[in-house]
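Written out below as structure tokens is the structure these notes cover.
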Amino acid sequence: MEASGRWLNDFISMLLGKLKIEFIILLGNKIKSLRDEQGILQRQVAAYLEIDTPMFSKIERGDRRAKRNQVPQLAEYFHVDEKELLILWLADRILDAIEDEKELQFRAIEVAKRELTKADL
């Protein structure tokens with residue numbers, strides 16, 4: 001299995017593990033952690049993103065999703081890997097999409113995993 005296949009399997013395993021917990025705010029938790037580690041205030045990050053502080057607070061809490069174009073900005077601001085944050089952003093979107101489908105969510109993820117593996121993404 002090439003690297004992309006291993007990455008996909010690791011990603012799906014991580015997702016399936018996270019689904020066992022009610023609702024996870026992956027990107028928001030990561031942003032808050034980075035902000036706390038670096039001693040940065042919400043208003044500083046909000047200003048960098050050119051949004052107001054309440055909007056940034058909602059993103060961090062998971063009440064609102066960051067836009068995709070904000071994720072590279074966050075990676076640059078916090079000096080972290082853009083791909084890591086994009087994966088968390090995408091995982092949040094996937095979890096949102098299947099959140100209310102308790103009986104089918106695991107099967108849907110497995111079907112998606114098979115299709116992605118076939119496409120060798």
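Residue numbers start at 1 in each chain; chains themselves are named A, B, ... in the order of the structure tokens; ligands are numbered from 1 in the order shown.
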With only C-alpha atoms as the counted atoms, please give the residues lying no more than 9 Å from Ile98 of chain A, apart from itself and same-chain residues fewer than 6 positions off, as a count of residues only.
4
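Using only C-alpha atoms, the smallest distance between any of A:Glu110, A:Glu76, A:Glu60, A:Glu82 and Leu8 of chain A comes from A:Glu110.
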Would you please give, as JSON, numbers by chain, all residues of segment 42-118 of chain A that DSSP assigns to helix (DSSP H, G or I) based on the backbone?
{"A": [42, 43, 44, 45, 46, 47, 48, 49, 53, 54, 55, 56, 57, 58, 59, 60, 61, 70, 71, 72, 73, 74, 75, 76, 77, 78, 82, 83, 84, 85, 86, 87, 88, 89, 90, 91, 92, 93, 94, 95, 96, 97, 98, 105, 106, 107, 108, 109, 110, 111, 112, 113, 114, 115, 116, 117, 118]}
Which residue, A:Ile59, A:Ile51, A:Leu41, A:Leu74, has the smallest gap to Asn29 of chain A when you use only C-alpha atoms?
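Between A:Ile59, A:Ile51, A:Leu41, A:Leu74, the residue approaching Asn29 of chain A most closely is A:Ile59.
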